[in-house]
>>> print(open('run15.cif').read())   # mmCIF, C-alpha atoms and all ligand atoms
data_model
loop_
_atom_site.label_atom_id
_atom_site.label_comp_id
_atom_site.auth_asym_id
_atom_site.auth_seq_id
_atom_site.Cartn_x
_atom_site.Cartn_y
_atom_site.Cartn_z
CA MET A 1 31.24 -4.15 129.16
CA THR A 2 30.35 -6.98 131.51
CA GLY A 3 31.81 -10.45 131.91
CA GLU A 4 34.17 -12.20 129.54
CA GLN A 5 34.58 -10.49 126.20
CA LEU A 6 33.18 -12.29 123.21
CA PRO A 7 35.62 -12.28 120.32
CA PRO A 8 34.57 -10.33 117.22
CA ARG A 9 33.12 -12.66 114.62
CA GLU A 10 34.54 -12.99 111.15
CA THR A 11 31.88 -12.43 108.53
CA GLU A 12 31.63 -14.37 105.29
CA HIS A 13 30.15 -11.39 103.44
CA TYR A 14 33.24 -9.77 101.93
CA GLU A 15 35.78 -10.20 99.19
CA THR A 16 39.45 -9.44 98.92
CA VAL A 17 40.21 -6.48 96.65
CA GLU A 18 43.98 -6.50 96.83
CA ALA A 19 46.55 -7.56 99.40
CA ASP A 20 44.99 -6.68 102.77
CA THR A 21 42.12 -4.54 101.46
CA VAL A 22 38.61 -6.03 101.50
CA ARG A 23 35.23 -5.03 100.12
CA CYS A 24 32.25 -5.49 102.46
CA LEU A 25 29.27 -7.03 100.67
CA ILE A 26 26.51 -6.45 103.19
CA CYS A 27 25.04 -3.13 102.00
CA PRO A 28 25.06 -1.15 98.76
CA ARG A 29 27.91 1.04 99.97
CA THR A 30 30.24 -1.94 99.40
CA CYS A 31 32.93 -0.12 101.38
CA GLU A 32 36.51 -0.84 100.39
CA ILE A 33 38.23 -1.20 103.74
CA PRO A 34 42.02 -1.15 104.18
CA ALA A 35 43.55 -3.20 106.99
CA GLY A 36 42.93 -1.74 110.42
CA GLU A 37 39.96 0.33 109.30
CA ARG A 38 36.16 0.09 109.42
CA GLY A 39 33.34 0.65 106.97
CA VAL A 40 31.01 3.65 107.09
CA CYS A 41 28.80 1.70 109.52
CA GLY A 42 31.58 1.97 112.09
CA VAL A 43 31.37 -1.66 113.19
CA ARG A 44 32.69 -3.90 110.38
CA GLU A 45 36.48 -3.94 110.64
CA ASN A 46 39.31 -5.22 108.50
CA ARG A 47 41.83 -7.09 110.63
CA ASP A 48 44.77 -8.34 108.61
CA GLY A 49 42.74 -8.76 105.45
CA ARG A 50 39.72 -10.40 107.07
CA LEU A 51 36.43 -8.66 107.84
CA TYR A 52 35.01 -8.88 111.35
CA LEU A 53 31.80 -7.75 113.02
CA THR A 54 33.12 -5.95 116.10
CA THR A 55 29.72 -5.67 117.77
CA TYR A 56 28.95 -9.39 117.69
CA GLY A 57 27.09 -10.30 120.88
CA ARG A 58 27.40 -6.75 122.24
CA ALA A 59 24.02 -5.19 122.70
CA VAL A 60 23.53 -1.52 123.53
CA SER A 61 19.84 -2.01 124.05
CA THR A 62 17.79 -4.95 125.21
CA SER A 63 14.21 -4.47 126.28
CA ILE A 64 10.93 -6.26 125.86
CA ASP A 65 8.61 -4.23 123.66
CA PRO A 66 5.10 -4.68 122.34
CA ILE A 67 5.42 -5.68 118.69
CA GLU A 68 3.14 -2.71 117.95
CA LYS A 69 6.05 -0.43 118.86
CA LYS A 70 8.23 -1.62 115.95
CA PRO A 71 5.67 -0.81 114.37
CA LEU A 72 4.27 -4.13 113.15
CA PHE A 73 0.47 -4.10 113.42
CA HIS A 74 -0.30 -7.25 111.42
CA VAL A 75 2.08 -9.64 113.17
CA ALA A 76 0.70 -11.61 116.14
CA PRO A 77 -1.12 -8.57 117.60
CA GLY A 78 -0.43 -8.22 121.30
CA ALA A 79 2.88 -10.14 121.14
CA ASP A 80 5.99 -9.11 123.07
CA VAL A 81 9.38 -9.11 121.40
CA LEU A 82 12.84 -8.92 122.88
CA SER A 83 14.42 -5.95 121.11
CA VAL A 84 18.13 -5.98 120.51
CA ALA A 85 20.40 -3.36 118.97
CA THR A 86 24.12 -2.86 118.63
CA LYS A 87 26.05 0.32 117.87
CA GLY A 88 26.32 1.57 114.31
CA CYS A 89 24.35 2.33 111.17
CA ASN A 90 24.95 2.46 107.42
CA LEU A 91 22.86 5.63 107.00
CA ARG A 92 23.58 9.08 108.44
CA CYS A 93 20.11 10.56 108.85
CA ASP A 94 20.23 14.09 110.23
CA PHE A 95 16.90 13.47 112.00
CA CYS A 96 17.89 10.15 113.62
CA GLN A 97 16.10 9.59 116.92
CA ASN A 98 18.61 6.93 117.94
CA TYR A 99 21.75 8.84 116.92
CA ARG A 100 23.38 8.22 120.28
CA ILE A 101 23.62 4.49 119.57
CA ALA A 102 23.51 4.64 115.76
CA ILE A 103 26.02 7.35 114.93
CA GLU A 104 27.63 9.18 117.85
CA TYR A 105 28.03 6.43 120.48
CA GLU A 106 27.42 9.08 123.10
CA GLY A 107 27.45 7.59 126.61
CA VAL A 108 26.71 4.16 125.19
CA THR A 109 27.45 1.02 127.20
CA GLU A 110 27.71 -2.34 125.48
CA HIS A 111 26.44 -5.39 127.31
CA GLU A 112 27.59 -8.83 126.45
CA ARG A 113 24.52 -10.76 125.27
CA PRO A 114 25.52 -13.83 123.29
CA PRO A 115 22.90 -15.22 120.90
CA GLU A 116 22.32 -18.21 123.22
CA GLU A 117 21.45 -15.87 126.10
CA LEU A 118 18.87 -13.98 124.03
CA ALA A 119 17.43 -17.22 122.70
CA GLY A 120 17.29 -18.52 126.27
CA ARG A 121 15.05 -15.61 127.20
CA ILE A 122 12.62 -16.60 124.48
CA GLU A 123 12.85 -20.24 125.56
CA ALA A 124 12.02 -19.15 129.12
CA GLY A 125 8.88 -17.42 127.89
CA ASP A 126 9.98 -13.82 128.54
CA ALA A 127 8.81 -12.81 125.06
CA ASP A 128 7.20 -14.28 121.94
CA GLY A 129 10.21 -13.59 119.77
CA MET A 130 13.06 -11.31 118.78
CA ALA A 131 13.15 -7.89 117.14
CA TYR A 132 16.39 -6.56 115.63
CA THR A 133 15.77 -2.86 115.82
CA TYR A 134 16.67 0.69 116.96
CA THR A 135 19.86 0.72 114.87
CA GLU A 136 20.21 -0.90 111.45
CA PRO A 137 20.23 -4.68 111.92
CA THR A 138 21.67 -5.30 108.46
CA ILE A 139 25.09 -4.30 109.71
CA PHE A 140 24.92 -6.71 112.66
CA MET A 141 23.35 -9.44 110.57
CA GLU A 142 25.68 -12.24 111.73
CA TYR A 143 24.67 -11.60 115.36
CA ALA A 144 20.99 -11.51 114.41
CA LEU A 145 21.19 -14.68 112.31
CA ASP A 146 22.98 -16.64 115.04
CA THR A 147 20.29 -15.51 117.49
CA MET A 148 17.56 -16.62 115.08
CA ARG A 149 19.22 -20.03 114.67
CA ALA A 150 19.53 -20.46 118.45
CA SER A 151 15.90 -19.45 119.11
CA PRO A 152 12.97 -21.86 119.39
CA ASP A 153 11.41 -22.61 115.99
CA ASP A 154 8.12 -20.91 116.81
CA ALA A 155 9.72 -17.67 118.03
CA LEU A 156 8.85 -14.57 116.01
CA GLN A 157 11.83 -13.03 114.23
CA VAL A 158 11.42 -9.48 112.98
CA PHE A 159 13.66 -6.79 111.48
CA VAL A 160 13.09 -3.06 111.64
CA SER A 161 15.23 -1.76 108.82
CA ASN A 162 16.11 1.16 106.58
CA GLY A 163 16.18 -1.34 103.72
CA TYR A 164 19.65 -0.30 102.57
CA MET A 165 20.98 -3.78 101.94
CA ARG A 166 22.17 -5.77 98.94
CA PRO A 167 19.87 -8.29 97.19
CA GLU A 168 22.15 -11.11 98.39
CA THR A 169 21.61 -9.90 101.96
CA VAL A 170 17.83 -10.06 101.49
CA ASP A 171 18.21 -13.64 100.25
CA THR A 172 20.32 -14.60 103.27
CA LEU A 173 17.85 -13.10 105.74
CA ALA A 174 14.49 -13.94 104.20
CA PRO A 175 14.33 -17.66 105.10
CA HIS A 176 14.81 -16.79 108.79
CA LEU A 177 12.50 -13.79 109.11
CA ASP A 178 8.79 -13.66 109.90
CA ALA A 179 8.38 -9.99 109.21
CA ILE A 180 10.17 -6.78 108.39
CA ASN A 181 9.25 -3.13 108.70
CA ILE A 182 11.11 -0.97 106.19
CA ASP A 183 11.24 2.81 106.14
CA ILE A 184 10.52 4.59 102.91
CA LYS A 185 11.72 7.98 103.98
CA GLY A 186 11.16 10.09 100.90
CA ASP A 187 12.16 10.62 97.29
CA ARG A 188 15.63 10.57 95.78
CA GLU A 189 16.30 14.17 96.70
CA PHE A 190 15.20 13.61 100.31
CA TYR A 191 17.56 10.65 100.68
CA ARG A 192 20.42 12.65 99.17
CA LYS A 193 19.84 15.64 101.43
CA HIS A 194 19.09 13.89 104.74
CA THR A 195 20.45 10.35 104.91
CA GLY A 196 23.97 10.34 103.50
CA ILE A 197 23.32 7.92 100.64
CA PRO A 198 23.57 8.88 96.97
CA ASP A 199 20.71 6.77 95.67
CA PRO A 200 17.71 5.15 97.40
CA GLU A 201 17.00 2.73 94.55
CA PRO A 202 18.48 -0.27 96.45
CA ILE A 203 15.98 0.45 99.26
CA PHE A 204 13.01 0.26 96.89
CA GLU A 205 14.46 -2.97 95.48
CA THR A 206 14.76 -4.39 99.01
CA VAL A 207 11.09 -3.62 99.68
CA GLU A 208 10.04 -5.42 96.50
CA ARG A 209 12.38 -8.33 97.07
CA PHE A 210 11.09 -9.02 100.59
CA ALA A 211 7.52 -8.78 99.32
CA GLU A 212 8.31 -11.53 96.80
CA ARG A 213 9.61 -13.77 99.61
CA ASP A 214 7.58 -15.36 102.35
CA VAL A 215 8.24 -12.44 104.70
CA HIS A 216 5.45 -10.24 106.03
CA LEU A 217 6.17 -6.61 105.08
CA GLU A 218 5.05 -3.33 106.60
CA VAL A 219 6.25 0.10 105.53
CA THR A 220 6.84 3.22 107.60
CA ASN A 221 7.05 6.78 106.30
CA LEU A 222 8.18 9.45 108.73
CA VAL A 223 6.61 12.69 107.54
CA ILE A 224 8.80 15.77 108.14
CA PRO A 225 7.31 19.25 107.65
CA GLY A 226 8.73 21.04 104.63
CA GLU A 227 10.95 18.10 103.67
CA ASN A 228 8.72 15.26 102.47
CA ASP A 229 5.17 16.36 103.30
CA ASP A 230 4.06 17.92 100.01
CA GLU A 231 1.01 16.23 98.52
CA ALA A 232 2.65 15.26 95.24
CA SER A 233 5.55 13.44 96.85
CA LEU A 234 3.27 11.74 99.40
CA ARG A 235 0.99 10.63 96.59
CA ASP A 236 3.92 9.31 94.54
CA ARG A 237 5.22 7.34 97.52
CA MET A 238 1.86 5.83 98.46
CA GLU A 239 1.01 4.95 94.87
CA TRP A 240 4.40 3.31 94.49
CA ILE A 241 3.80 1.16 97.59
CA ALA A 242 0.31 0.14 96.43
CA ASP A 243 1.61 -0.70 92.97
CA ALA A 244 4.92 -2.36 93.89
CA VAL A 245 3.98 -4.45 96.94
CA GLY A 246 0.20 -4.42 97.04
CA THR A 247 -2.69 -2.55 98.61
CA GLU A 248 -2.81 -4.95 101.58
CA THR A 249 0.63 -3.82 102.76
CA PRO A 250 0.20 -2.08 106.13
CA VAL A 251 1.60 1.45 105.99
CA HIS A 252 2.52 3.59 108.98
CA VAL A 253 2.52 7.34 108.48
CA SER A 254 4.55 8.60 111.34
CA ARG A 255 4.84 11.95 113.06
CA PHE A 256 8.26 13.63 113.24
CA HIS A 257 9.71 15.08 116.43
CA PRO A 258 12.79 17.32 116.20
CA ASP A 259 15.98 15.46 117.02
CA TYR A 260 19.73 15.24 116.35
CA LYS A 261 20.68 17.81 113.69
CA LEU A 262 17.15 18.56 112.55
CA THR A 263 16.00 20.55 115.56
CA ASP A 264 14.88 23.68 113.68
CA VAL A 265 11.97 21.83 112.09
CA PRO A 266 8.72 21.71 114.10
CA PRO A 267 6.89 18.46 114.94
CA THR A 268 4.55 17.32 112.19
CA PRO A 269 1.09 18.87 112.65
CA ILE A 270 -1.54 16.20 113.28
CA GLU A 271 -3.56 17.57 110.32
CA THR A 272 -0.61 16.73 108.05
CA ILE A 273 -0.59 13.15 109.33
CA GLU A 274 -4.34 12.95 108.79
CA ARG A 275 -3.98 14.31 105.24
CA ALA A 276 -1.14 11.84 104.55
CA THR A 277 -3.25 8.89 105.71
CA GLU A 278 -6.07 10.13 103.43
CA ILE A 279 -3.70 10.28 100.48
CA ALA A 280 -2.53 6.75 101.27
CA GLY A 281 -6.16 5.62 101.25
CA GLU A 282 -6.77 7.40 97.94
CA ALA A 283 -3.77 5.50 96.55
CA GLY A 284 -5.68 2.31 97.33
CA LEU A 285 -3.79 1.26 100.47
CA GLU A 286 -6.20 -0.61 102.74
CA TYR A 287 -4.38 -0.64 106.09
CA VAL A 288 -3.03 2.80 106.87
CA TYR A 289 -2.00 3.78 110.38
CA SER A 290 -0.79 6.96 112.01
CA GLY A 291 2.33 6.76 114.16
CA ASN A 292 3.35 8.86 117.17
CA VAL A 293 -0.19 10.19 117.57
CA PRO A 294 -1.28 8.18 120.63
CA GLY A 295 -5.00 7.79 121.05
CA HIS A 296 -5.84 8.61 117.42
CA GLU A 297 -8.52 6.44 115.83
CA SER A 298 -6.18 5.67 112.93
CA GLU A 299 -4.11 3.44 115.25
CA SER A 300 -6.79 0.76 114.96
CA THR A 301 -7.52 -1.76 112.20
CA TYR A 302 -10.79 -1.48 110.33
CA CYS A 303 -12.26 -3.84 107.75
CA PRO A 304 -11.46 -2.35 104.32
CA ASP A 305 -14.79 -3.64 102.96
CA CYS A 306 -17.36 -2.87 105.66
CA GLY A 307 -15.49 -0.53 108.01
CA ARG A 308 -15.96 -2.63 111.16
CA LEU A 309 -13.42 -2.05 113.96
CA LEU A 310 -11.35 -5.25 114.08
CA ILE A 311 -8.28 -4.53 116.19
CA GLU A 312 -8.55 -1.69 118.64
CA ARG A 313 -5.27 -0.08 119.65
CA GLU A 314 -4.29 2.77 121.89
CA GLY A 315 -0.65 3.74 121.60
CA PHE A 316 1.15 0.39 121.60
CA ALA A 317 -1.60 -1.36 123.58
CA VAL A 318 -4.09 -3.73 121.99
CA ARG A 319 -7.49 -3.16 123.59
CA GLY A 320 -9.44 -5.78 121.71
CA ILE A 321 -9.34 -8.14 118.74
CA ASP A 322 -12.49 -9.01 116.82
CA LEU A 323 -11.60 -11.54 114.12
CA GLU A 324 -13.16 -14.87 113.18
CA ASP A 325 -10.64 -17.31 111.73
CA GLY A 326 -8.59 -14.36 110.51
CA ALA A 327 -11.56 -12.68 108.84
CA CYS A 328 -13.98 -9.84 109.52
CA PRO A 329 -16.90 -11.30 111.56
CA ASN A 330 -19.31 -8.99 109.72
CA CYS A 331 -18.46 -9.49 106.04
CA SER A 332 -15.91 -12.35 106.08
CA ARG A 333 -13.19 -10.32 104.39
CA GLU A 334 -9.84 -12.04 105.04
CA ILE A 335 -7.49 -9.79 107.01
CA PRO A 336 -3.77 -10.38 106.42
CA ILE A 337 -2.30 -11.16 109.85
CA HIS A 338 0.97 -13.07 110.22
CA GLY A 339 1.03 -15.40 113.22
CA THR A 340 -1.55 -16.01 115.90
CA PRO A 341 -3.00 -12.94 117.60
CA ARG A 342 -1.91 -12.96 121.25
CA GLY A 343 -4.86 -10.92 122.47
CA PRO A 344 -5.16 -7.67 124.43
CA SER A 345 -1.89 -6.24 125.76
CA SER A 346 -0.74 -3.39 127.99
CA GLY A 347 1.59 -1.83 125.42
CA ARG A 348 4.23 -1.36 128.09
CA ARG A 349 7.97 -1.67 127.64
CA ARG A 350 10.02 -3.74 130.05
CA VAL A 351 13.75 -3.35 130.49
CA LEU A 352 15.74 -6.52 131.01
ZN ZN B 1 -15.96 -6.47 107.03
#
>>> encode(input="run15.cif", output="structure tokens")
Amino acid sequence: MTGEQLPPRETEHYETVEADTVRCLICPRTCEIPAGERGVCGVRENRDGRLYLTTYGRAVSTSIDPIEKKPLFHVAPGADVLSVATKGCNLRCDFCQNYRIAIEYEGVTEHERPPEELAGRIEAGDADGMAYTYTEPTIFMEYALDTMRASPDDALQVFVSNGYMRPETVDTLAPHLDAINIDIKGDREFYRKHTGIPDPEPIFETVERFAERDVHLEVTNLVIPGENDDEASLRDRMEWIADAVGTETPVHVSRFHPDYKLTDVPPTPIETIERATEIAGEAGLEYVYSGNVPGHESESTYCPDCGRLLIEREGFAVRGIDLEDGACPNCSREIPIHGTPRGPSSGRRRVL
């Protein structure tokens, strides 16, 4: 901890159950929290019958990332975003790559970064906007929203989320967000076995609800060998996305690397990722990308109608953008891109 300590912020998203016990209303867990205790997320605390966000203004990670790293491939390609995360998460994924900050708080240092300081960085031109990411931003929503309100109007505001939030939370966030990437991790059984939630239905509802709002949506599916990589479940998932939120929704099929408690499962073979992207295409999805396979041709954007290479990427770097007024220069197909492309970028991360 550095400098003066910011006080925890009381949240307005709770109700009183009885006496000093409250019910948090931010995610579908709706934890009933007795005085002095915290919700499953580990950061929302009942103090004398009022619910506080204990991580308000306390970032465990701040870096400037290419927006491609989120991943968001159809949002101002080549833009840089200031990524912020706090401790905590409302899921308990046994394969979490950020478990040190999300679940275990292992060797984690919090830095005081008030919303005005983050917004000031954007104002100063250090990045094109903010990304709330690495841990689940839903549970530090008050911090994120205050940062959005303090930021310049034209700053990009993006969430990288597991989608496990209540419909009311979607409605609170949507007017302030440019874009969101939501994980669809697997089917009901996968969620039950690996993430610590009983029912993923609220996640699917979140995906649909954001798609109905004026928020650009991309979906990520981490493919784990033996757990969610069978053809039938991949096909179900991809068909659901195409049907529920449209074939123009960019989808990232991402390669698993062993981490946290799931270390006895091998990394996803590249052929599996290639097969998964094929299945996504067969389901009608028009912008399908591989993730964690740097240098693969499926990192780039091609025109769904004529196949022309439109945005060339390598890892998180944008090598070139070939669009004319947001359309394919060859066949004039409109390509859904939110915000102005920033142009070629290095794809490098910078630590503040
Ligand atoms: Zn074309």
>>> residues_around(input="run15.cif", residues="Val251 (chain A)", least_positions_apart="3", cutoff="6 Å", atoms="only C-alpha atoms", output="JSON list (two decimals) with C-alpha atoms, in the coordinates of the input")
[["chain", "number", "residue", "atom", "x", "y", "z"],
["A", 218, "GLU", "CA", 5.05, -3.33, 106.60],
["A", 219, "VAL", "CA", 6.25, 0.10, 105.53],
["A", 220, "THR", "CA", 6.84, 3.22, 107.60],
["A", 288, "VAL", "CA", -3.03, 2.80, 106.87]]
>>> closest_residue(input="run15.cif", among="A:Gly307, A:Pro115, A:Pro225, A:Pro294", to="Thr272 (chain A)", atoms="all atoms listed in the file")
A:Pro225
>>> residues_around(input="run15.cif", residues="Gly196 (chain A)", least_positions_apart="6", cutoff="9 Å", atoms="all atoms listed in the file", output="compact mmCIF listing (two decimals) with C-alpha atoms, keeping the file's coordinate frame")
# COMPACT_ATOMS: atom_id res chain seq x y z
CA ASN A 90 24.95 2.46 107.42
CA LEU A 91 22.86 5.63 107.00
CA ARG A 92 23.58 9.08 108.44
CA CYS A 93 20.11 10.56 108.85
CA ASP A 94 20.23 14.09 110.23
>>> residues_near_ligand(input="run15.cif", ligand="ligand ZN 1 (chain B)", cutoff="8 Å", atoms="only C-alpha atoms and all ligand atoms", output="ChimeraX atom specification")
/A:302-308,327-333
>>> atom_distance(input="run15.cif", atom1="CA of Leu222 (chain A)", atom2="CA of Leu234 (chain A)")
10.8 Å
>>> atom_distance(input="run15.cif", atom1="CA of Asp214 (chain A)", atom2="CA of Ser161 (chain A)")
16.9 Å
>>> decode(input="run15.cif", residues="region 201-253 of chain A", atoms="C-alpha atoms", output="PDB file, in the first residue's frame")
ATOM      1  CA  GLU A 201     -27.712 -19.538 -17.279  1.00  0.00           C
ATOM      2  CA  PRO A 202     -27.192 -15.986 -15.912  1.00  0.00           C
ATOM      3  CA  ILE A 203     -23.988 -15.790 -17.995  1.00  0.00           C
ATOM      4  CA  PHE A 204     -25.828 -16.625 -21.209  1.00  0.00           C
ATOM      5  CA  GLU A 205     -28.457 -14.034 -20.265  1.00  0.00           C
ATOM      6  CA  THR A 206     -25.716 -11.434 -19.717  1.00  0.00           C
ATOM      7  CA  VAL A 207     -24.306 -12.118 -23.191  1.00  0.00           C
ATOM      8  CA  GLU A 208     -27.733 -11.628 -24.771  1.00  0.00           C
ATOM      9  CA  ARG A 209     -28.539  -8.579 -22.685  1.00  0.00           C
ATOM     10  CA  PHE A 210     -25.330  -6.755 -23.638  1.00  0.00           C
ATOM     11  CA  ALA A 211     -25.920  -7.624 -27.285  1.00  0.00           C
ATOM     12  CA  GLU A 212     -29.323  -5.917 -27.065  1.00  0.00           C
ATOM     13  CA  ARG A 213     -27.678  -2.756 -25.691  1.00  0.00           C
ATOM     14  CA  ASP A 214     -25.399  -0.411 -27.552  1.00  0.00           C
ATOM     15  CA  VAL A 215     -22.298  -2.255 -26.335  1.00  0.00           C
ATOM     16  CA  HIS A 216     -19.913  -3.995 -28.723  1.00  0.00           C
ATOM     17  CA  LEU A 217     -19.635  -7.671 -27.747  1.00  0.00           C
ATOM     18  CA  GLU A 218     -16.938 -10.257 -28.350  1.00  0.00           C
ATOM     19  CA  VAL A 219     -16.914 -13.776 -26.933  1.00  0.00           C
ATOM     20  CA  THR A 220     -13.998 -15.914 -25.796  1.00  0.00           C
ATOM     21  CA  ASN A 221     -14.004 -19.678 -25.374  1.00  0.00           C
ATOM     22  CA  LEU A 222     -10.987 -21.243 -23.713  1.00  0.00           C
ATOM     23  CA  VAL A 223     -10.740 -24.780 -25.074  1.00  0.00           C
ATOM     24  CA  ILE A 224      -9.428 -27.309 -22.528  1.00  0.00           C
ATOM     25  CA  PRO A 225      -8.470 -30.817 -23.699  1.00  0.00           C
ATOM     26  CA  GLY A 226     -10.857 -33.482 -22.450  1.00  0.00           C
ATOM     27  CA  GLU A 227     -13.072 -30.959 -20.670  1.00  0.00           C
ATOM     28  CA  ASN A 228     -14.855 -28.864 -23.293  1.00  0.00           C
ATOM     29  CA  ASP A 229     -13.207 -29.793 -26.598  1.00  0.00           C
ATOM     30  CA  ASP A 230     -15.560 -32.480 -27.909  1.00  0.00           C
ATOM     31  CA  GLU A 231     -17.088 -31.606 -31.260  1.00  0.00           C
ATOM     32  CA  ALA A 232     -20.700 -31.778 -30.113  1.00  0.00           C
ATOM     33  CA  SER A 233     -20.245 -29.346 -27.244  1.00  0.00           C
ATOM     34  CA  LEU A 234     -18.143 -26.978 -29.386  1.00  0.00           C
ATOM     35  CA  ARG A 235     -20.815 -27.066 -32.073  1.00  0.00           C
ATOM     36  CA  ASP A 236     -23.589 -26.405 -29.543  1.00  0.00           C
ATOM     37  CA  ARG A 237     -21.692 -23.435 -28.121  1.00  0.00           C
ATOM     38  CA  MET A 238     -20.860 -21.878 -31.486  1.00  0.00           C
ATOM     39  CA  GLU A 239     -24.382 -22.385 -32.820  1.00  0.00           C
ATOM     40  CA  TRP A 240     -25.780 -20.801 -29.683  1.00  0.00           C
ATOM     41  CA  ILE A 241     -23.561 -17.722 -30.148  1.00  0.00           C
ATOM     42  CA  ALA A 242     -24.501 -17.376 -33.826  1.00  0.00           C
ATOM     43  CA  ASP A 243     -28.178 -17.756 -33.021  1.00  0.00           C
ATOM     44  CA  ALA A 244     -28.366 -15.699 -29.811  1.00  0.00           C
ATOM     45  CA  VAL A 245     -26.133 -12.718 -30.613  1.00  0.00           C
ATOM     46  CA  GLY A 246     -25.498 -12.913 -34.335  1.00  0.00           C
ATOM     47  CA  THR A 247     -22.981 -14.264 -36.824  1.00  0.00           C
ATOM     48  CA  GLU A 248     -21.044 -10.965 -36.854  1.00  0.00           C
ATOM     49  CA  THR A 249     -20.038 -11.406 -33.203  1.00  0.00           C
ATOM     50  CA  PRO A 250     -16.256 -11.855 -33.072  1.00  0.00           C
ATOM     51  CA  VAL A 251     -15.363 -15.119 -31.338  1.00  0.00           C
ATOM     52  CA  HIS A 252     -11.976 -16.000 -29.878  1.00  0.00           C
ATOM     53  CA  VAL A 253     -11.139 -19.679 -29.555  1.00  0.00           C
TER      54      VAL A 253
END
